[in-house]
$ cat coords11.tsv   # TSV, C-alpha atoms
chain	number	residue	atom	x	y	z
A	1	MET	CA	-25.58	21.66	3.14
A	2	LYS	CA	-22.68	20.00	1.29
A	3	LYS	CA	-20.50	20.74	-1.67
A	4	VAL	CA	-20.71	18.39	-4.67
A	5	GLU	CA	-18.17	17.29	-7.24
A	6	ASN	CA	-18.78	16.44	-10.87
A	7	ILE	CA	-16.87	13.35	-11.87
A	8	ASN	CA	-16.19	11.19	-14.87
A	9	LEU	CA	-16.37	7.61	-13.70
A	10	GLY	CA	-15.79	4.98	-16.39
A	11	GLY	CA	-16.74	7.47	-19.10
A	12	GLN	CA	-20.02	8.50	-17.49
A	13	PRO	CA	-20.73	11.76	-15.70
A	14	PHE	CA	-21.95	11.75	-12.10
A	15	THR	CA	-22.57	14.27	-9.39
A	16	ILE	CA	-21.30	13.16	-6.01
A	17	ASP	CA	-21.29	14.90	-2.63
A	18	GLU	CA	-17.97	15.84	-1.05
A	19	ASP	CA	-17.91	13.11	1.62
A	20	ALA	CA	-18.69	10.34	-0.82
A	21	PHE	CA	-16.13	11.84	-3.22
A	22	ILE	CA	-13.36	11.41	-0.66
A	23	HIS	CA	-14.42	7.84	0.12
A	24	LEU	CA	-14.63	6.99	-3.56
A	25	LYS	CA	-11.20	8.44	-4.24
A	26	ASN	CA	-9.70	6.49	-1.36
A	27	TYR	CA	-11.46	3.31	-2.45
A	28	LEU	CA	-10.17	3.59	-6.01
A	29	ASN	CA	-6.69	4.41	-4.73
A	30	SER	CA	-6.69	1.32	-2.53
A	31	ILE	CA	-7.60	-0.83	-5.53
A	32	HIS	CA	-4.94	0.83	-7.66
A	33	LYS	CA	-2.36	0.18	-4.98
A	34	HIS	CA	-3.47	-3.45	-4.79
A	35	PHE	CA	-2.84	-3.97	-8.49
A	36	SER	CA	0.10	-1.63	-8.89
A	37	ASP	CA	2.54	-4.52	-9.28
A	38	SER	CA	0.50	-6.34	-11.89
A	39	GLU	CA	0.80	-5.91	-15.59
A	40	GLY	CA	-2.48	-4.49	-16.83
A	41	CYS	CA	-3.17	-2.46	-13.70
A	42	ASP	CA	-4.53	0.45	-15.75
A	43	GLU	CA	-6.79	-1.79	-17.77
A	44	ILE	CA	-8.15	-3.47	-14.66
A	45	MET	CA	-8.83	-0.06	-13.11
A	46	GLU	CA	-10.70	1.03	-16.24
A	47	ASP	CA	-12.79	-2.15	-16.21
A	48	ILE	CA	-13.63	-1.74	-12.56
A	49	GLU	CA	-14.55	1.94	-12.98
A	50	SER	CA	-16.76	1.10	-15.97
A	51	ARG	CA	-18.54	-1.56	-14.01
A	52	MET	CA	-19.04	0.80	-11.07
A	53	ALA	CA	-20.45	3.40	-13.46
A	54	GLU	CA	-22.92	0.81	-14.79
A	55	LEU	CA	-23.98	-0.10	-11.28
A	56	PHE	CA	-24.40	3.54	-10.29
A	57	GLN	CA	-26.52	4.20	-13.38
A	58	GLU	CA	-28.84	1.37	-12.40
A	59	LYS	CA	-28.96	2.49	-8.79
A	60	MET	CA	-29.35	6.21	-9.33
A	61	LYS	CA	-32.55	6.12	-11.42
A	62	GLY	CA	-34.39	9.20	-10.34
A	63	HIS	CA	-31.88	10.43	-7.76
A	64	SER	CA	-29.28	12.88	-8.92
A	65	ILE	CA	-26.51	12.95	-6.32
A	66	ILE	CA	-24.36	10.02	-5.19
A	67	THR	CA	-23.99	9.91	-1.41
A	68	ASN	CA	-22.17	7.49	0.88
A	69	LYS	CA	-25.32	5.38	1.04
A	70	GLU	CA	-25.17	4.51	-2.66
A	71	LEU	CA	-21.38	4.31	-2.64
A	72	ASP	CA	-21.40	1.81	0.24
A	73	SER	CA	-23.76	-0.52	-1.57
A	74	ILE	CA	-21.68	-0.38	-4.76
A	75	VAL	CA	-18.51	-1.05	-2.77
A	76	ALA	CA	-20.23	-4.03	-1.13
A	77	ILE	CA	-20.98	-5.41	-4.60
A	78	MET	CA	-17.52	-4.79	-6.04
A	79	GLY	CA	-15.67	-5.77	-2.91
A	80	THR	CA	-12.58	-4.37	-1.23
A	81	PRO	CA	-9.09	-5.37	-2.41
A	82	GLU	CA	-8.80	-7.77	0.52
A	83	GLU	CA	-11.93	-9.56	-0.66
A	84	PHE	CA	-10.79	-9.93	-4.27
A	85	GLY	CA	-9.06	-13.12	-3.27
A	86	ALA	CA	-5.87	-14.92	-4.17
A	87	GLU	CA	-6.69	-14.13	-7.78
A	88	SER	CA	-5.42	-10.61	-7.66
A	89	ILE	CA	-1.87	-11.18	-6.54
A	90	SER	CA	-0.25	-14.55	-6.22
A	91	GLU	CA	0.23	-14.42	-2.49
A	92	PRO	CA	-1.88	-15.81	0.35
A	93	ILE	CA	-4.66	-13.59	1.66
A	94	ARG	CA	-3.92	-11.82	4.90
A	95	HIS	CA	-6.84	-11.80	7.27
A	96	SER	CA	-7.89	-9.03	9.58
A	97	SER	CA	-9.45	-9.79	12.93
A	98	LYS	CA	-12.48	-7.60	12.25
A	99	GLU	CA	-14.52	-9.05	9.39
A	100	LYS	CA	-17.85	-8.47	7.60
A	101	THR	CA	-21.10	-6.80	8.74
A	102	ALA	CA	-20.37	-3.31	10.10
A	103	HIS	CA	-20.19	-0.29	7.79
A	104	LYS	CA	-16.56	0.53	8.45
A	105	THR	CA	-15.21	-2.97	7.89
A	106	HIS	CA	-15.46	-2.43	4.16
A	107	TYR	CA	-12.16	-0.72	4.38
A	108	THR	CA	-10.22	-2.69	6.99
A	109	SER	CA	-7.07	-4.47	6.03
A	110	ALA	CA	-4.43	-6.70	7.56
A	111	THR	CA	-3.45	-5.96	11.11
A	112	ASN	CA	0.27	-6.41	10.50
A	113	LYS	CA	2.20	-3.15	10.37
A	114	SER	CA	3.67	-1.87	7.13
A	115	LYS	CA	7.24	-0.67	6.88
A	116	ARG	CA	7.91	2.48	8.85
A	117	ARG	CA	9.48	5.51	7.27
A	118	LEU	CA	11.28	8.34	8.99
A	119	PHE	CA	9.49	11.66	8.71
A	120	ARG	CA	9.41	14.86	10.74
A	121	ASP	CA	6.10	15.09	12.55
A	122	PRO	CA	4.55	18.54	11.99
A	123	ASP	CA	1.66	17.84	14.36
A	124	GLU	CA	3.78	17.14	17.41
A	125	LYS	CA	6.65	19.53	17.08
A	126	ILE	CA	8.45	21.88	19.43
A	127	VAL	CA	10.94	23.20	16.90
A	128	ALA	CA	10.82	21.07	13.73
A	129	GLY	CA	9.29	17.74	14.69
A	130	VAL	CA	12.64	15.93	14.42
A	131	CYS	CA	12.42	14.22	17.82
A	132	SER	CA	8.79	13.19	17.48
A	133	GLY	CA	9.51	11.82	14.02
A	134	ILE	CA	12.39	9.75	15.39
A	135	ALA	CA	10.17	8.56	18.25
A	136	SER	CA	7.47	7.40	15.81
A	137	TYR	CA	10.03	5.60	13.69
A	138	LEU	CA	11.45	3.76	16.68
A	139	GLY	CA	7.98	2.99	18.01
A	140	ILE	CA	8.46	5.04	21.17
A	141	ASP	CA	5.13	6.50	22.24
A	142	ASP	CA	6.42	9.57	24.04
A	143	PRO	CA	8.81	11.80	22.10
A	144	LEU	CA	9.96	13.22	25.43
A	145	TRP	CA	12.67	10.57	25.80
A	146	VAL	CA	14.07	11.33	22.38
A	147	ARG	CA	14.03	15.01	23.27
A	148	ILE	CA	15.92	14.35	26.50
A	149	VAL	CA	18.58	12.41	24.62
A	150	MET	CA	18.75	15.15	21.99
A	151	ALA	CA	19.06	17.85	24.67
A	152	VAL	CA	21.93	15.95	26.29
A	153	LEU	CA	23.63	15.63	22.90
A	154	ILE	CA	23.18	19.33	22.24
A	155	PHE	CA	24.15	20.79	25.58
A	156	GLY	CA	26.42	18.05	26.85
A	157	ALA	CA	28.24	16.72	23.85
A	158	GLY	CA	27.74	19.60	21.43
A	159	ILE	CA	27.29	17.26	18.48
A	160	GLY	CA	23.52	17.35	18.97
A	161	PHE	CA	23.21	20.83	17.51
A	162	PRO	CA	24.62	20.15	14.04
A	163	LEU	CA	22.95	16.72	14.16
A	164	TYR	CA	19.56	18.31	14.76
A	165	LEU	CA	20.08	20.82	11.96
A	166	PHE	CA	21.18	18.03	9.65
A	167	LEU	CA	18.09	15.98	10.41
A	168	TRP	CA	15.89	19.06	10.06
A	169	ILE	CA	17.18	19.51	6.53
A	170	ILE	CA	17.40	15.86	5.41
A	171	VAL	CA	14.32	14.27	6.96
A	172	PRO	CA	11.15	15.17	5.05
A	173	LYS	CA	8.11	16.57	6.78
A	174	ALA	CA	5.10	14.28	6.89
A	175	LYS	CA	2.76	16.35	4.77
A	176	ASN	CA	-0.28	14.22	4.01
A	177	ALA	CA	-2.27	11.42	5.60
A	178	SER	CA	-0.36	8.60	3.93
A	179	ASP	CA	3.00	10.07	5.02
A	180	LYS	CA	1.76	10.28	8.59
A	181	LEU	CA	0.54	6.71	8.47
A	182	ALA	CA	3.84	5.50	7.04
A	183	MET	CA	5.64	7.44	9.77
A	184	LYS	CA	3.78	5.48	12.42
A	185	GLY	CA	3.99	2.21	10.56
A	186	GLU	CA	0.24	1.92	10.16
A	187	PRO	CA	-1.28	0.26	7.11
A	188	ILE	CA	-2.37	2.72	4.48
A	189	ASN	CA	-5.94	1.99	3.57
A	190	VAL	CA	-9.20	3.85	3.30
A	191	GLU	CA	-10.10	3.49	6.96
A	192	SER	CA	-6.77	4.64	8.35
A	193	ILE	CA	-6.60	7.58	5.95
A	194	ALA	CA	-10.13	8.64	6.87
A	195	ARG	CA	-9.26	8.32	10.55
A	196	THR	CA	-6.09	10.41	10.10
A	197	VAL	CA	-7.99	13.14	8.30
A	198	GLU	CA	-10.67	13.18	11.01
A	199	ASP	CA	-8.01	13.42	13.73
A	200	GLU	CA	-6.33	16.32	11.94
A	201	LEU	CA	-9.63	18.14	11.59
A	202	SER	CA	-10.50	17.76	15.25
A	203	ASP	CA	-6.99	18.91	16.23
A	204	LEU	CA	-7.44	21.93	14.00
A	205	GLN	CA	-10.84	22.61	15.52
A	206	ALA	CA	-9.36	22.42	19.03
A	207	LYS	CA	-6.56	24.82	18.08
A	208	LEU	CA	-9.02	27.28	16.56
A	209	THR	CA	-11.20	27.11	19.65
A	210	ASP	CA	-8.17	27.80	21.86
A	211	LEU	CA	-7.11	30.62	19.60
A	212	SER	CA	-10.49	32.29	19.72
A	213	LYS	CA	-10.64	31.92	23.52
A	214	ASP	CA	-7.22	33.57	23.72
A	215	PHE	CA	-8.37	36.36	21.47
A	216	GLN	CA	-11.55	36.90	23.51
A	217	SER	CA	-9.65	37.15	26.78
A	218	LYS	CA	-7.12	39.57	25.30
A	219	LYS	CA	-9.90	41.77	24.00
A	220	LYS	CA	-11.53	41.83	27.45
A	221	ARG	CA	-8.32	42.96	29.09
A	222	LYS	CA	-8.11	45.94	26.76
B	1	MET	CA	-2.00	-23.02	7.89
B	2	LYS	CA	-5.03	-20.87	7.24
B	3	ILE	CA	-8.01	-22.62	5.80
B	4	GLU	CA	-9.05	-19.46	4.02
B	5	ASN	CA	-5.86	-19.56	1.97
B	6	THR	CA	-6.37	-23.17	0.97
B	7	LYS	CA	-9.97	-22.51	0.03
B	8	ALA	CA	-8.92	-19.50	-1.99
B	9	GLN	CA	-6.30	-21.52	-3.86
B	10	MET	CA	-8.87	-24.18	-4.68
B	11	ARG	CA	-11.32	-21.59	-5.97
B	12	LYS	CA	-8.67	-19.81	-7.99
B	13	GLY	CA	-7.96	-22.73	-10.33
B	14	ILE	CA	-11.59	-23.64	-10.69
B	15	LEU	CA	-12.62	-20.08	-11.36
B	16	GLU	CA	-10.42	-19.90	-14.46
B	17	MET	CA	-11.93	-23.05	-15.78
B	18	CYS	CA	-15.46	-21.82	-15.15
B	19	VAL	CA	-14.89	-18.46	-16.80
B	20	LEU	CA	-13.46	-20.17	-19.89
B	21	SER	CA	-16.33	-22.62	-19.87
B	22	ILE	CA	-18.95	-19.86	-19.71
B	23	LEU	CA	-17.33	-18.06	-22.61
B	24	ASN	CA	-16.99	-21.31	-24.50
B	25	GLN	CA	-20.77	-21.56	-24.58
B	26	LYS	CA	-21.39	-17.98	-25.58
B	27	GLU	CA	-19.64	-14.61	-25.88
B	28	ALA	CA	-20.54	-12.34	-23.00
B	29	TYR	CA	-20.18	-9.02	-21.22
B	30	PRO	CA	-18.34	-9.14	-17.88
B	31	SER	CA	-21.64	-8.37	-16.15
B	32	ASP	CA	-23.18	-11.54	-17.63
B	33	ILE	CA	-20.19	-13.62	-16.53
B	34	ILE	CA	-20.47	-12.16	-13.04
B	35	LYS	CA	-24.15	-13.03	-12.91
B	36	LYS	CA	-23.48	-16.67	-13.76
B	37	LEU	CA	-20.57	-16.93	-11.31
B	38	LYS	CA	-22.66	-15.42	-8.53
B	39	GLU	CA	-25.49	-17.85	-9.27
B	40	SER	CA	-23.14	-20.76	-8.81
B	41	LYS	CA	-21.62	-19.03	-5.76
B	42	LEU	CA	-18.15	-19.09	-7.25
B	43	ILE	CA	-17.51	-15.45	-6.61
B	44	VAL	CA	-18.79	-13.24	-3.87
B	45	VAL	CA	-17.55	-9.84	-4.97
B	46	GLU	CA	-17.34	-8.63	-8.55
B	47	GLY	CA	-13.85	-7.18	-8.17
B	48	THR	CA	-12.49	-10.74	-8.27
B	49	LEU	CA	-13.38	-11.12	-11.92
B	50	TYR	CA	-11.58	-8.19	-13.53
B	51	PRO	CA	-7.97	-9.10	-12.80
B	52	LEU	CA	-8.79	-12.66	-13.89
B	53	LEU	CA	-10.26	-11.56	-17.23
B	54	ASN	CA	-7.24	-9.33	-17.73
B	55	ARG	CA	-4.85	-12.20	-17.12
B	56	LEU	CA	-6.71	-14.60	-19.40
B	57	LYS	CA	-6.76	-11.96	-22.11
B	58	ASN	CA	-3.04	-11.28	-21.72
B	59	SER	CA	-2.40	-15.02	-22.06
B	60	GLU	CA	-4.47	-14.94	-25.26
B	61	LEU	CA	-7.04	-17.38	-23.96
B	62	LEU	CA	-9.69	-14.71	-24.34
B	63	SER	CA	-10.13	-11.69	-26.53
B	64	TYR	CA	-12.64	-8.88	-26.57
B	65	ASN	CA	-14.47	-6.54	-28.88
B	66	TRP	CA	-16.03	-3.21	-28.09
B	67	LYS	CA	-19.77	-3.06	-28.50
B	68	GLU	CA	-21.73	0.17	-28.67
B	69	SER	CA	-24.23	0.72	-25.89
B	70	LYS	CA	-27.35	2.89	-25.94
B	71	SER	CA	-26.99	3.96	-22.34
B	72	GLY	CA	-23.38	5.03	-22.25
B	73	PRO	CA	-19.83	4.39	-23.48
B	74	PRO	CA	-18.94	1.22	-25.45
B	75	ARG	CA	-18.53	-1.97	-23.42
B	76	LYS	CA	-16.13	-4.89	-23.67
B	77	TYR	CA	-17.56	-8.10	-25.03
B	78	TYR	CA	-15.41	-11.16	-24.35
B	79	LEU	CA	-14.94	-14.27	-26.49
B	80	ILE	CA	-12.84	-17.39	-26.09
B	81	THR	CA	-9.94	-17.93	-28.48
B	82	ASP	CA	-8.86	-21.24	-30.02
B	83	GLN	CA	-6.00	-21.35	-27.58
B	84	GLY	CA	-8.52	-20.79	-24.82
B	85	LYS	CA	-10.60	-23.68	-26.09
B	86	SER	CA	-7.73	-26.16	-25.97
B	87	PHE	CA	-6.68	-24.82	-22.56
B	88	LEU	CA	-10.22	-25.42	-21.36
B	89	THR	CA	-10.28	-28.96	-22.70
B	90	GLU	CA	-7.10	-29.75	-20.77
B	91	LEU	CA	-8.45	-28.15	-17.60
B	92	ILE	CA	-11.65	-30.15	-17.83
B	93	GLY	CA	-9.58	-33.30	-18.23
B	94	THR	CA	-7.62	-32.46	-15.09
B	95	TRP	CA	-10.82	-31.62	-13.23
B	96	LYS	CA	-12.29	-35.03	-14.08
B	97	GLU	CA	-9.13	-36.75	-12.84
B	98	LEU	CA	-9.18	-34.71	-9.64
B	99	ASN	CA	-12.84	-35.39	-9.15
B	100	HIS	CA	-12.18	-39.09	-9.44
B	101	ALA	CA	-9.17	-38.91	-7.13
B	102	VAL	CA	-11.14	-37.02	-4.48
B	103	LYS	CA	-13.99	-39.53	-4.63
B	104	GLU	CA	-11.56	-42.39	-4.26
B	105	SER	CA	-9.60	-40.94	-1.36
B	106	THR	CA	-12.60	-39.71	0.59
B	107	SER	CA	-14.50	-42.98	0.16
B	108	LYS	CA	-11.48	-44.97	1.35
B	109	LEU	CA	-11.42	-42.76	4.42
B	110	LYS	CA	-14.98	-43.66	5.23
B	111	ALA	CA	-14.36	-47.39	4.77
B	112	SER	CA	-11.49	-47.51	7.31

$ encode --input "coords11.tsv" --output "structure tokens"
Amino acid sequence: MKKVENINLGGQPFTIDEDAFIHLKNYLNSIHKHFSDSEGCDEIMEDIESRMAELFQEKMKGHSIITNKELDSIVAIMGTPEEFGAESISEPIRHSSKEKTAHKTHYTSATNKSKRRLFRDPDEKIVAGVCSGIASYLGIDDPLWVRIVMAVLIFGAGIGFPLYLFLWIIVPKAKNASDKLAMKGEPINVESIARTVEDELSDLQAKLTDLSKDFQSKKKRK
Amino acid sequence: MKIENTKAQMRKGILEMCVLSILNQKEAYPSDIIKKLKESKLIVVEGTLYPLLNRLKNSELLSYNWKESKSGPPRKYYLITDQGKSFLTELIGTWKELNHAVKESTSKLKAS
């Protein structure tokens, strides 16, 4: 059983299930981002949404709820921002190594990394995620090395302590999927956002499972 | 140099000309324009058309009216402007020159 959302797409009402809603939102956001530098971005978005609404109306005859199945076929018709072509922005198209066919490739984008931003990593923190954030920014896989350096600065040179506090205050926490992707320098597109969200959910699931195991064993001891 | 980029650049110029030419024959909804462009395999995905229409409209080569629709909200109905018509005439002229030039240069290649 799934939750549904009621949406207004291009001036027409639709009912869409929660998974397809997330994909649709990400798809529209990726298009908006693609045109964000052009004059007329809002108008283009309206036109695209209207057209999608028309296509959904034709497709949905009889069925009442939009699922990923219908959404995928509409996205294949409209295309992803990468497929829009040199028309959209006046720069050469970047090509990804994975192309066409498979379901997921609708949302792939260029393989080159976007600019990295410094965030604190709330998922891999010991105290405040300062060291893991720095590690991500520098492209170091294991935050341990940053932590070692930080520990030396704190205990050895003393300056590490105020430095850590300073960074804790100044460096923002990576709150949502696009922050976390920017922290690691990964391109922000529908696929990477979906992947990030899935990873977070499975982490959360693992933590909850651990927590309940802990709880069970404590109960038994009593 | 990526061939995809070159191909895309070639298509880009021609696409403008074709959109103007379609609207020169008759006013149309974007969905009609898309249908024609897909038939002639000029576009693959519909998303390509909307930024183009927007640009042509902003350059006053096209304009649109809203037409009421039975099955939903009003839709945009595009027409070519006078400026668009003269732009098109020039583009067609250039296309004919290019066509000729390509024929010449590729035939010379074959001869040698």

$ closest_residue --input "coords11.tsv" --among "B:Thr81, B:Ser63, B:Asn5, B:Thr106" --to "chain A" --atoms "all atoms listed in the file"
B:Asn5

$ interface_residues --input "coords11.tsv" --of "chain B" --to "chain A" --cutoff "8 Å" --atoms "all atoms listed in the file" --output "list in words"
Glu4, Asn5, Ala8, Gln9, Lys12, Ser31, Val45, Glu46, Gly47, Thr48, Tyr50, Pro51, Leu52, Asn54, Gly72 and Pro73 of chain B

$ atom_distance --input "coords11.tsv" --atom1 "atom CA of B:Leu20" --atom2 "atom CA of A:Tyr27"
29.3 Å

$ atom_distance --input "coords11.tsv" --atom1 "atom CA of B:Tyr29" --atom2 "atom CA of B:Lys57"
13.8 Å

$ atom_distance --input "coords11.tsv" --atom1 "atom CA of A:Asn29" --atom2 "atom CA of A:Thr15"
19.3 Å

$ closest_residue --input "coords11.tsv" --among "A:Pro187, A:Lys2, A:Phe155, A:Arg147" --to "A:Val127" --atoms "all atoms listed in the file"
A:Arg147

$ residues_near_point --input "coords11.tsv" --point "(-17.8, -14.8, -24.8)" --cutoff "12 Å" --atoms "only C-alpha atoms" --output "compact mmCIF listing (two decimals) with C-alpha atoms, keeping the file's coordinate frame"
# COMPACT_ATOMS: atom_id res chain seq x y z
CA VAL B 19 -14.89 -18.46 -16.80
CA LEU B 20 -13.46 -20.17 -19.89
CA SER B 21 -16.33 -22.62 -19.87
CA ILE B 22 -18.95 -19.86 -19.71
CA LEU B 23 -17.33 -18.06 -22.61
CA ASN B 24 -16.99 -21.31 -24.50
CA GLN B 25 -20.77 -21.56 -24.58
CA LYS B 26 -21.39 -17.98 -25.58
CA GLU B 27 -19.64 -14.61 -25.88
CA ALA B 28 -20.54 -12.34 -23.00
CA TYR B 29 -20.18 -9.02 -21.22
CA PRO B 30 -18.34 -9.14 -17.88
CA SER B 31 -21.64 -8.37 -16.15
CA ASP B 32 -23.18 -11.54 -17.63
CA ILE B 33 -20.19 -13.62 -16.53
CA LEU B 53 -10.26 -11.56 -17.23
CA LYS B 57 -6.76 -11.96 -22.11
CA LEU B 61 -7.04 -17.38 -23.96
CA LEU B 62 -9.69 -14.71 -24.34
CA SER B 63 -10.13 -11.69 -26.53
CA TYR B 64 -12.64 -8.88 -26.57
CA ASN B 65 -14.47 -6.54 -28.88
CA LYS B 76 -16.13 -4.89 -23.67
CA TYR B 77 -17.56 -8.10 -25.03
CA TYR B 78 -15.41 -11.16 -24.35
CA LEU B 79 -14.94 -14.27 -26.49
CA ILE B 80 -12.84 -17.39 -26.09
CA THR B 81 -9.94 -17.93 -28.48
CA GLY B 84 -8.52 -20.79 -24.82
CA LYS B 85 -10.60 -23.68 -26.09

$ residues_around --input "coords11.tsv" --residues "stretch 93-98 of chain B" --least-positions-apart "5" --cutoff "12 Å" --atoms "only C-alpha atoms" --output "VMD selection string"
chain B and resid 10 13 to 18 86 to 88 103 to 106
